[in-house]
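Engineer: Sharing coords-v5.csv (CSV, C-alpha atoms) below.
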```csv
chain,number,residue,atom,x,y,z
A,1147,MET,CA,-36.5,-22.1,-53.0
A,1148,THR,CA,-39.9,-20.4,-53.1
A,1149,VAL,CA,-40.1,-16.7,-53.3
A,1150,SER,CA,-43.1,-14.5,-53.5
A,1151,ALA,CA,-43.6,-10.7,-53.5
A,1152,ARG,CA,-46.9,-8.8,-53.6
A,1153,LEU,CA,-47.8,-5.2,-53.8
A,1154,ALA,CA,-51.0,-4.6,-51.8
A,1155,SER,CA,-53.1,-1.6,-52.6
A,1156,GLU,CA,-55.6,-2.4,-49.8
A,1157,GLY,CA,-55.0,-3.3,-46.2
A,1158,PHE,CA,-53.9,-6.9,-45.5
A,1159,ASN,CA,-54.0,-9.2,-42.5
A,1160,ALA,CA,-50.5,-10.1,-41.3
A,1161,GLU,CA,-51.9,-13.1,-39.3
A,1162,LEU,CA,-53.4,-14.6,-42.4
A,1163,GLU,CA,-50.1,-14.1,-44.2
A,1164,ASP,CA,-48.4,-15.9,-41.3
A,1165,ALA,CA,-50.8,-18.8,-41.5
A,1166,GLY,CA,-50.5,-19.1,-45.2
A,1167,PHE,CA,-46.7,-19.1,-45.0
A,1168,ARG,CA,-46.7,-21.6,-42.2
A,1169,ALA,CA,-49.0,-23.9,-44.2
A,1170,GLY,CA,-46.4,-24.0,-47.0
A,1171,VAL,CA,-43.5,-25.0,-44.7
A,1172,GLU,CA,-42.6,-28.7,-44.8
A,1173,HIS,CA,-39.2,-29.7,-43.5
A,1174,GLU,CA,-37.8,-26.4,-42.2
A,1175,GLY,CA,-36.9,-25.8,-38.6
A,1176,ALA,CA,-37.3,-22.0,-38.4
A,1177,ILE,CA,-39.7,-19.3,-39.5
A,1178,VAL,CA,-38.9,-15.6,-38.8
A,1179,THR,CA,-41.5,-12.9,-39.6
A,1180,PHE,CA,-41.3,-9.2,-39.5
A,1181,VAL,CA,-44.4,-6.8,-39.4
A,1182,GLY,CA,-43.9,-3.1,-40.1
A,1183,ILE,CA,-46.7,-1.0,-38.7
A,1184,ALA,CA,-47.5,2.7,-39.4
A,1185,ARG,CA,-46.7,4.7,-36.4
A,1186,PRO,CA,-49.2,7.1,-34.8
A,1187,SER,CA,-46.6,9.9,-34.3
A,1188,SER,CA,-43.8,11.4,-36.3
A,1189,ALA,CA,-40.1,11.6,-35.5
A,1190,GLU,CA,-40.9,15.1,-34.1
A,1191,GLY,CA,-43.7,13.8,-31.9
A,1192,SER,CA,-46.7,15.1,-33.8
A,1193,ASP,CA,-49.8,13.0,-34.4
A,1194,VAL,CA,-49.8,11.3,-37.8
A,1195,ARG,CA,-53.1,11.0,-39.7
A,1196,GLY,CA,-51.6,8.6,-42.2
A,1197,LEU,CA,-48.9,7.7,-44.7
A,1198,TYR,CA,-49.1,7.8,-48.5
A,1199,LEU,CA,-46.9,5.4,-50.4
A,1200,ASP,CA,-46.5,6.5,-54.0
A,1201,HIS,CA,-45.4,3.7,-56.3
A,1202,HIS,CA,-44.5,3.0,-59.9
A,1203,PRO,CA,-47.1,1.1,-61.9
A,1204,ARG,CA,-44.6,-1.3,-63.4
A,1205,LEU,CA,-41.4,-1.2,-61.4
A,1206,THR,CA,-42.4,-1.4,-57.8
A,1207,GLU,CA,-43.6,-5.0,-57.6
A,1208,PRO,CA,-40.5,-6.3,-59.5
A,1209,SER,CA,-38.3,-4.3,-57.1
A,1210,LEU,CA,-39.9,-6.2,-54.2
A,1211,ARG,CA,-39.4,-9.5,-56.0
A,1212,GLU,CA,-35.7,-8.7,-56.7
A,1213,ILE,CA,-35.1,-7.9,-53.0
A,1214,ALA,CA,-36.9,-11.1,-51.9
A,1215,GLU,CA,-34.9,-13.2,-54.4
A,1216,ASP,CA,-31.6,-11.6,-53.3
A,1217,ALA,CA,-32.4,-12.3,-49.7
A,1218,ALA,CA,-33.4,-15.9,-50.3
A,1219,GLU,CA,-30.3,-16.7,-52.4
A,1220,ARG,CA,-27.8,-14.8,-50.1
A,1221,PHE,CA,-28.8,-16.7,-47.0
A,1222,GLY,CA,-30.0,-20.0,-48.5
A,1223,VAL,CA,-33.5,-19.9,-47.0
A,1224,THR,CA,-36.0,-22.2,-48.5
A,1225,ARG,CA,-39.0,-19.8,-48.6
A,1226,LEU,CA,-39.2,-16.1,-48.5
A,1227,SER,CA,-42.3,-13.9,-48.9
A,1228,VAL,CA,-42.8,-10.1,-48.9
A,1229,VAL,CA,-46.1,-8.1,-48.9
A,1230,HIS,CA,-45.8,-4.3,-49.1
A,1231,ARG,CA,-48.6,-1.8,-49.0
A,1232,CYS,CA,-49.0,1.1,-51.4
A,1233,GLY,CA,-51.5,4.0,-51.3
A,1234,GLU,CA,-52.9,5.4,-48.1
A,1235,VAL,CA,-52.0,3.7,-44.9
A,1236,ARG,CA,-53.6,4.6,-41.5
A,1237,PRO,CA,-51.7,4.5,-38.2
A,1238,GLY,CA,-51.8,1.0,-36.8
A,1239,GLU,CA,-52.1,-0.6,-40.2
A,1240,THR,CA,-49.5,-3.0,-41.5
A,1241,ILE,CA,-47.2,-1.5,-44.1
A,1242,VAL,CA,-44.9,-4.4,-44.7
A,1243,TRP,CA,-44.7,-8.1,-43.9
A,1244,VAL,CA,-41.7,-10.3,-44.5
A,1245,ALA,CA,-41.3,-14.0,-43.7
A,1246,ALA,CA,-38.4,-16.4,-44.2
A,1247,ALA,CA,-38.2,-20.1,-43.5
A,1248,ALA,CA,-34.9,-22.0,-43.3
A,1249,LEU,CA,-33.6,-25.3,-41.9
A,1250,HIS,CA,-32.0,-23.3,-39.0
A,1251,ARG,CA,-32.8,-20.0,-37.4
A,1252,ARG,CA,-29.8,-17.9,-38.3
A,1253,ALA,CA,-30.4,-17.9,-42.0
A,1254,ALA,CA,-34.1,-17.0,-41.5
A,1255,PHE,CA,-33.2,-14.1,-39.1
A,1256,GLU,CA,-30.6,-12.7,-41.4
A,1257,ALA,CA,-32.7,-13.0,-44.6
A,1258,VAL,CA,-35.5,-11.0,-43.0
A,1259,GLU,CA,-33.2,-8.3,-41.7
A,1260,TYR,CA,-31.4,-8.0,-45.0
A,1261,ALA,CA,-34.8,-7.8,-46.9
A,1262,MET,CA,-36.0,-5.1,-44.6
A,1263,ASP,CA,-32.8,-3.0,-44.9
A,1264,ARG,CA,-33.1,-3.3,-48.7
A,1265,LEU,CA,-36.8,-2.5,-48.7
A,1266,LYS,CA,-36.1,0.8,-46.8
A,1267,THR,CA,-33.7,2.1,-49.4
A,1268,ASP,CA,-34.1,0.1,-52.7
A,1269,ALA,CA,-37.8,-0.7,-53.0
A,1270,ILE,CA,-39.5,1.7,-55.4
A,1271,PHE,CA,-41.7,3.7,-53.1
A,1272,TRP,CA,-42.0,7.3,-52.1
A,1273,LYS,CA,-43.4,7.8,-48.6
A,1274,ARG,CA,-45.2,10.8,-47.4
A,1275,GLU,CA,-46.1,11.3,-43.8
A,1276,ASP,CA,-49.3,13.3,-43.2
A,1277,ALA,CA,-49.2,14.7,-39.7
A,1278,VAL,CA,-51.5,17.2,-38.0
A,1279,ASP,CA,-48.9,19.9,-38.4
A,1280,GLY,CA,-48.2,19.2,-42.1
A,1281,SER,CA,-47.0,16.7,-44.6
A,1282,ARG,CA,-43.5,15.7,-45.5
A,1283,TRP,CA,-41.8,13.3,-47.9
A,1284,ILE,CA,-39.7,10.8,-46.0
A,1285,GLU,CA,-36.2,9.9,-47.3
A,1286,PRO,CA,-34.0,7.2,-45.9
A,1287,THR,CA,-32.2,8.3,-42.8
A,1288,THR,CA,-28.4,8.0,-42.2
A,1289,ILE,CA,-29.2,5.0,-40.1
A,1290,ASP,CA,-31.2,3.4,-43.0
A,1291,ARG,CA,-28.3,4.0,-45.4
A,1292,PHE,CA,-25.8,2.6,-42.9
A,1293,ASP,CA,-28.0,-0.5,-42.3
A,1294,ARG,CA,-28.2,-1.0,-46.1
A,1295,ALA,CA,-24.4,-0.5,-46.6
A,1296,ARG,CA,-23.4,-3.1,-44.0
A,1297,TRP,CA,-24.6,-5.8,-46.4
A,1298,SER,CA,-22.4,-4.5,-49.3
A,1299,ASP,CA,-19.8,-7.0,-50.4
X,640,MET,CA,-42.2,14.2,-74.9
X,641,LYS,CA,-44.0,13.1,-71.8
X,642,ILE,CA,-42.4,13.5,-68.4
X,643,ARG,CA,-43.7,11.8,-65.2
X,644,PHE,CA,-42.8,12.7,-61.7
X,645,TYR,CA,-43.1,10.6,-58.5
X,646,GLY,CA,-43.2,11.3,-54.8
X,647,ARG,CA,-42.3,14.9,-53.8
X,648,LEU,CA,-41.7,15.9,-57.4
X,649,GLY,CA,-45.1,14.7,-58.4
X,650,GLU,CA,-46.6,17.0,-55.8
X,651,LEU,CA,-44.4,20.0,-56.7
X,652,VAL,CA,-44.6,19.7,-60.5
X,653,GLY,CA,-47.6,17.5,-61.3
X,654,ARG,CA,-47.8,13.8,-62.2
X,655,GLU,CA,-47.3,14.3,-65.9
X,656,ILE,CA,-46.4,17.1,-68.2
X,657,ASP,CA,-45.7,17.4,-71.9
X,658,VAL,CA,-42.5,19.1,-73.1
X,659,TYR,CA,-41.8,19.9,-76.7
X,660,ILE,CA,-38.3,19.1,-77.9
X,661,ALA,CA,-36.7,19.7,-81.3
X,662,GLY,CA,-36.0,16.7,-83.6
X,663,GLU,CA,-32.3,16.5,-82.8
X,664,GLY,CA,-32.9,15.3,-79.3
X,665,MET,CA,-31.9,16.5,-75.9
X,666,SER,CA,-29.7,15.1,-73.2
X,667,VAL,CA,-31.1,14.2,-69.7
X,668,ALA,CA,-28.8,16.9,-68.3
X,669,ALA,CA,-30.2,19.5,-70.6
X,670,LEU,CA,-33.8,18.4,-69.8
X,671,ARG,CA,-33.0,18.8,-66.1
X,672,GLU,CA,-31.8,22.3,-66.6
X,673,ARG,CA,-34.9,23.2,-68.6
X,674,LEU,CA,-37.3,21.8,-66.0
X,675,ALA,CA,-35.4,23.4,-63.2
X,676,ALA,CA,-35.9,26.8,-64.9
X,677,GLN,CA,-39.5,26.1,-65.6
X,678,PHE,CA,-40.3,24.9,-62.0
X,679,PRO,CA,-38.0,26.9,-59.7
X,680,ALA,CA,-39.7,25.5,-56.5
X,681,ALA,CA,-38.7,22.0,-57.6
X,682,SER,CA,-35.2,22.9,-59.1
X,683,ALA,CA,-33.2,21.2,-56.3
X,684,ASP,CA,-35.2,18.0,-56.6
X,685,ILE,CA,-35.1,18.0,-60.4
X,686,GLY,CA,-31.3,18.3,-60.2
X,687,ARG,CA,-29.0,15.5,-59.3
X,688,ARG,CA,-31.1,14.4,-56.3
X,689,SER,CA,-33.5,12.5,-58.6
X,690,ARG,CA,-32.8,9.7,-61.1
X,691,ALA,CA,-34.1,9.8,-64.7
X,692,CYS,CA,-35.7,6.7,-66.1
X,693,VAL,CA,-36.6,5.9,-69.7
X,694,ALA,CA,-38.4,2.7,-70.8
X,695,ASP,CA,-38.2,1.4,-67.2
X,696,ALA,CA,-34.4,1.7,-67.0
X,697,ILE,CA,-32.3,4.3,-65.2
X,698,VAL,CA,-30.4,6.5,-67.7
X,699,GLY,CA,-27.3,8.7,-67.3
X,700,GLU,CA,-26.9,12.4,-67.8
X,701,GLY,CA,-25.7,12.1,-71.4
X,702,HIS,CA,-28.5,9.9,-72.5
X,703,LEU,CA,-30.2,11.4,-75.6
X,704,LEU,CA,-34.0,11.7,-75.4
X,705,ALA,CA,-36.2,11.7,-78.5
X,706,ALA,CA,-39.5,13.4,-78.9
X,707,GLY,CA,-41.5,10.2,-78.5
X,708,ASP,CA,-39.9,9.2,-75.2
X,709,THR,CA,-41.5,9.2,-71.8
X,710,VAL,CA,-39.0,10.3,-69.1
X,711,GLU,CA,-39.7,9.5,-65.5
X,712,PHE,CA,-38.0,11.3,-62.5
X,713,PHE,CA,-37.5,9.3,-59.3
X,714,PRO,CA,-36.7,11.3,-56.1
X,715,PRO,CA,-34.8,9.3,-53.4
X,716,LEU,CA,-36.7,6.1,-52.6
X,717,SER,CA,-38.3,5.3,-49.2
X,718,GLY,CA,-40.1,2.1,-48.5
X,719,GLY,CA,-40.6,-0.2,-45.6
```
Let me see the structure of the file written as structure tokens.
Structural biologist:
Amino acid sequence: MTVSARLASEGFNAELEDAGFRAGVEHEGAIVTFVGIARPSSAEGSDVRGLYLDHHPRLTEPSLREIAEDAAERFGVTRLSVVHRCGEVRPGETIVWVAAAALHRRAAFEAVEYAMDRLKTDAIFWKREDAVDGSRWIEPTTIDRFDRARWSD
Amino acid sequence: MKIRFYGRLGELVGREIDVYIAGEGMSVAALRERLAAQFPAASADIGRRSRACVADAIVGEGHLLAAGDTVEFFPPLSGG
């Protein structure tokens, strides 16, 4: 099992991450990737200038690693990688990239979905949305908490 | 004692403040009350909606803080 987790303070290229991940895959039969992109409009429909992801200098990256390790172990995938932005993110930029490789597709799909649900609620970030009509700090929605809870044992 | 705030709290209160506490220590709950009184605009967020963290570990309300500690307050997390 190979797990990696990286906090990116600058923009990163999801296609390059895809290619690097693919290059490390040897005997697996499935790769699933997820790319999260900053939306250009808020839930209320106003134009968004950008997001600001506040983070903790020591705890954020380990929280990504813990989620990645939990996802890999839980579903038995052979490789799992996470890259997550911090700082200022413009609409259209990638915020988060997750990839899993497994012998068969089901484990890879589930591991990525689990990792994303955990990242929404358990990764150590605080996200502010800066829209044309004002800024607001985002908190996990009821749906986010439900998505997280369905993986509870 | 140094106190650091993140997310919404960092904006409301400031990233870091210094608070003087007497030698016998102070519980996390008592610190919350004191900060809520000092920063009324942030009182709801300084209350139970945020978690307190000392030496990179979450601590409970009864945890006793010493003058040399750094306490960090985490509002609800939101990543992804």
Engineer: Need to verify the contact set: Cys1232 (chain A), 7 Å, all atoms listed in the file, exclusion of same-chain residues closer than 4 positions in sequence. Can you return it as an NGL selection string?
Structural biologist: :A and (1153-1155 or 1199-1201)
Engineer: List as CSV every residue of chain X that is in contact with chain A, defined as an atom at most 12 Å from one of its atoms (using only C-alpha atoms), together with the nearest atom pair and the distance in Å rounded to one decimal, sorted by chain and then rising number.
Structural biologist:
```
residue,atom,partner,partner_atom,distance
X:Arg643,CA,A:His1202,CA,10.3
X:Phe644,CA,A:His1202,CA,10.0
X:Tyr645,CA,A:Asp1200,CA,7.0
X:Gly646,CA,A:Trp1272,CA,5.0
X:Arg647,CA,A:Trp1283,CA,6.1
X:Leu648,CA,A:Trp1283,CA,9.8
X:Gly649,CA,A:Asp1200,CA,9.4
X:Glu650,CA,A:Trp1283,CA,10.0
X:Leu651,CA,A:Trp1283,CA,11.4
X:Arg654,CA,A:Asp1200,CA,11.1
X:Asp684,CA,A:Trp1283,CA,11.9
X:Arg688,CA,A:Glu1285,CA,11.3
X:Ser689,CA,A:Trp1272,CA,11.9
X:Arg690,CA,A:Ile1270,CA,11.9
X:Cys692,CA,A:Leu1205,CA,10.8
X:Val693,CA,A:Leu1205,CA,11.9
X:Ala694,CA,A:Arg1204,CA,10.4
X:Asp695,CA,A:Leu1205,CA,7.1
X:Ala696,CA,A:Leu1205,CA,9.4
X:Ile697,CA,A:Leu1205,CA,11.3
X:Glu711,CA,A:His1202,CA,9.8
X:Phe712,CA,A:His1202,CA,10.9
X:Phe713,CA,A:Trp1272,CA,8.7
X:Pro714,CA,A:Trp1272,CA,7.8
X:Pro715,CA,A:Glu1285,CA,6.3
X:Leu716,CA,A:Trp1272,CA,5.5
X:Ser717,CA,A:Trp1272,CA,5.1
X:Gly718,CA,A:Lys1266,CA,4.5
X:Gly719,CA,A:Lys1266,CA,4.8
```
Engineer: Let's have the selection written as a short mmCIF file (atom, residue, chain, number, x, y, z; two decimals), in the coordinates of the input, with C-alpha atoms.
Structural biologist:
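Written out: out-v2.cif:
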```cif
data_model
loop_
_atom_site.label_atom_id
_atom_site.label_comp_id
_atom_site.auth_asym_id
_atom_site.auth_seq_id
_atom_site.Cartn_x
_atom_site.Cartn_y
_atom_site.Cartn_z
CA ARG X 643 -43.70 11.80 -65.20
CA PHE X 644 -42.80 12.70 -61.70
CA TYR X 645 -43.10 10.60 -58.50
CA GLY X 646 -43.20 11.30 -54.80
CA ARG X 647 -42.30 14.90 -53.80
CA LEU X 648 -41.70 15.90 -57.40
CA GLY X 649 -45.10 14.70 -58.40
CA GLU X 650 -46.60 17.00 -55.80
CA LEU X 651 -44.40 20.00 -56.70
CA ARG X 654 -47.80 13.80 -62.20
CA ASP X 684 -35.20 18.00 -56.60
CA ARG X 688 -31.10 14.40 -56.30
CA SER X 689 -33.50 12.50 -58.60
CA ARG X 690 -32.80 9.70 -61.10
CA CYS X 692 -35.70 6.70 -66.10
CA VAL X 693 -36.60 5.90 -69.70
CA ALA X 694 -38.40 2.70 -70.80
CA ASP X 695 -38.20 1.40 -67.20
CA ALA X 696 -34.40 1.70 -67.00
CA ILE X 697 -32.30 4.30 -65.20
CA GLU X 711 -39.70 9.50 -65.50
CA PHE X 712 -38.00 11.30 -62.50
CA PHE X 713 -37.50 9.30 -59.30
CA PRO X 714 -36.70 11.30 -56.10
CA PRO X 715 -34.80 9.30 -53.40
CA LEU X 716 -36.70 6.10 -52.60
CA SER X 717 -38.30 5.30 -49.20
CA GLY X 718 -40.10 2.10 -48.50
CA GLY X 719 -40.60 -0.20 -45.60
#
```
Engineer: Can you work out which one of A:Arg1220, A:Ile1177, A:Gly1280, A:Arg1195 has the shortest atom-to-atom distance to Ser1298 (chain A), counting all atoms listed in the file?
Structural biologist: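 Among A:Arg1220, A:Ile1177, A:Gly1280, A:Arg1195, it is A:Arg1220 that comes nearest to Ser1298 (chain A).
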Engineer: Extract, using only C-alpha atoms, all DNA, RNA and protein residues at most 9 Å from His702 (chain X), discarding same-chain residues fewer than 2 positions from it, and format them as a PyMOL selection string.
Structural biologist: chain X and resi 665-668+698-700+704
Engineer: In Å, how far is it from CA of Pro1237 (chain A) to CA of Asp1193 (chain A)?
Structural biologist: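 Atom-to-atom, CA of Pro1237 (chain A) and CA of Asp1193 (chain A) are spaced 9.5 Å apart.
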Engineer: Give me, please, the distance in Å between CA of His1250 (chain A) and CA of His1173 (chain A), quoted to one decimal.
Structural biologist: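 Pair CA of His1250 (chain A) / CA of His1173 (chain A) returns 10.6 Å.
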Engineer: Using all atoms listed in the file, find the one residue out of X:Gly662, X:Val710, X:Leu703, X:Val652 that sits nearest to Ala691 (chain X).
Structural biologist: X:Val710
Engineer: Starting from the incomplete input, reconstruct N, CA, C and O atoms of region 1246-1263 of chain A and report them as an mmCIF file, keeping the file's coordinate frame.
Structural biologist:
```
data_model
loop_
_atom_site.group_PDB
_atom_site.id
_atom_site.type_symbol
_atom_site.label_atom_id
_atom_site.label_comp_id
_atom_site.auth_asym_id
_atom_site.auth_seq_id
_atom_site.Cartn_x
_atom_site.Cartn_y
_atom_site.Cartn_z
ATOM 1 N N ALA A 1246 -39.440 -15.515 -43.631
ATOM 2 C CA ALA A 1246 -38.400 -16.400 -44.200
ATOM 3 C C ALA A 1246 -38.483 -17.729 -43.435
ATOM 4 O O ALA A 1246 -38.658 -17.735 -42.211
ATOM 5 N N ALA A 1247 -38.318 -18.820 -44.154
ATOM 6 C CA ALA A 1247 -38.200 -20.100 -43.500
ATOM 7 C C ALA A 1247 -36.894 -20.770 -43.964
ATOM 8 O O ALA A 1247 -36.471 -20.628 -45.117
ATOM 9 N N ALA A 1248 -36.244 -21.431 -42.999
ATOM 10 C CA ALA A 1248 -34.900 -22.000 -43.300
ATOM 11 C C ALA A 1248 -34.797 -23.291 -42.403
ATOM 12 O O ALA A 1248 -35.551 -23.485 -41.441
ATOM 13 N N LEU A 1249 -33.816 -24.107 -42.721
ATOM 14 C CA LEU A 1249 -33.600 -25.300 -41.900
ATOM 15 C C LEU A 1249 -33.211 -24.873 -40.477
ATOM 16 O O LEU A 1249 -33.629 -25.498 -39.513
ATOM 17 N N HIS A 1250 -32.407 -23.805 -40.353
ATOM 18 C CA HIS A 1250 -32.000 -23.300 -39.000
ATOM 19 C C HIS A 1250 -32.250 -21.843 -38.882
ATOM 20 O O HIS A 1250 -32.367 -21.129 -39.869
ATOM 21 N N ARG A 1251 -32.320 -21.364 -37.649
ATOM 22 C CA ARG A 1251 -32.800 -20.000 -37.400
ATOM 23 C C ARG A 1251 -31.961 -18.883 -37.964
ATOM 24 O O ARG A 1251 -32.484 -17.871 -38.398
ATOM 25 N N ARG A 1252 -30.626 -19.027 -37.914
ATOM 26 C CA ARG A 1252 -29.800 -17.900 -38.300
ATOM 27 C C ARG A 1252 -30.052 -17.379 -39.680
ATOM 28 O O ARG A 1252 -30.163 -16.166 -39.888
ATOM 29 N N ALA A 1253 -30.153 -18.291 -40.625
ATOM 30 C CA ALA A 1253 -30.400 -17.900 -42.000
ATOM 31 C C ALA A 1253 -31.728 -17.125 -42.124
ATOM 32 O O ALA A 1253 -31.833 -16.108 -42.838
ATOM 33 N N ALA A 1254 -32.739 -17.590 -41.385
ATOM 34 C CA ALA A 1254 -34.100 -17.000 -41.500
ATOM 35 C C ALA A 1254 -34.022 -15.545 -40.870
ATOM 36 O O ALA A 1254 -34.548 -14.593 -41.457
ATOM 37 N N PHE A 1255 -33.371 -15.406 -39.697
ATOM 38 C CA PHE A 1255 -33.200 -14.100 -39.100
ATOM 39 C C PHE A 1255 -32.518 -13.113 -40.049
ATOM 40 O O PHE A 1255 -32.963 -11.986 -40.283
ATOM 41 N N GLU A 1256 -31.383 -13.574 -40.575
ATOM 42 C CA GLU A 1256 -30.600 -12.700 -41.400
ATOM 43 C C GLU A 1256 -31.277 -12.315 -42.708
ATOM 44 O O GLU A 1256 -31.187 -11.174 -43.168
ATOM 45 N N ALA A 1257 -31.971 -13.267 -43.293
ATOM 46 C CA ALA A 1257 -32.700 -13.000 -44.600
ATOM 47 C C ALA A 1257 -33.749 -11.930 -44.374
ATOM 48 O O ALA A 1257 -33.916 -11.043 -45.216
ATOM 49 N N VAL A 1258 -34.465 -12.007 -43.268
ATOM 50 C CA VAL A 1258 -35.500 -11.000 -43.000
ATOM 51 C C VAL A 1258 -34.921 -9.651 -42.746
ATOM 52 O O VAL A 1258 -35.392 -8.628 -43.264
ATOM 53 N N GLU A 1259 -33.858 -9.611 -41.976
ATOM 54 C CA GLU A 1259 -33.200 -8.300 -41.700
ATOM 55 C C GLU A 1259 -32.645 -7.682 -42.930
ATOM 56 O O GLU A 1259 -32.813 -6.479 -43.171
ATOM 57 N N TYR A 1260 -31.988 -8.514 -43.731
ATOM 58 C CA TYR A 1260 -31.400 -8.000 -45.000
ATOM 59 C C TYR A 1260 -32.568 -7.489 -45.894
ATOM 60 O O TYR A 1260 -32.456 -6.399 -46.460
ATOM 61 N N ALA A 1261 -33.648 -8.255 -46.019
ATOM 62 C CA ALA A 1261 -34.800 -7.800 -46.900
ATOM 63 C C ALA A 1261 -35.320 -6.489 -46.395
ATOM 64 O O ALA A 1261 -35.580 -5.588 -47.201
ATOM 65 N N MET A 1262 -35.483 -6.320 -45.088
ATOM 66 C CA MET A 1262 -36.000 -5.100 -44.600
ATOM 67 C C MET A 1262 -35.066 -3.891 -44.830
ATOM 68 O O MET A 1262 -35.502 -2.803 -45.202
ATOM 69 N N ASP A 1263 -33.771 -4.114 -44.638
ATOM 70 C CA ASP A 1263 -32.800 -3.000 -44.900
ATOM 71 C C ASP A 1263 -32.837 -2.620 -46.362
ATOM 72 O O ASP A 1263 -32.757 -1.433 -46.689
#
```
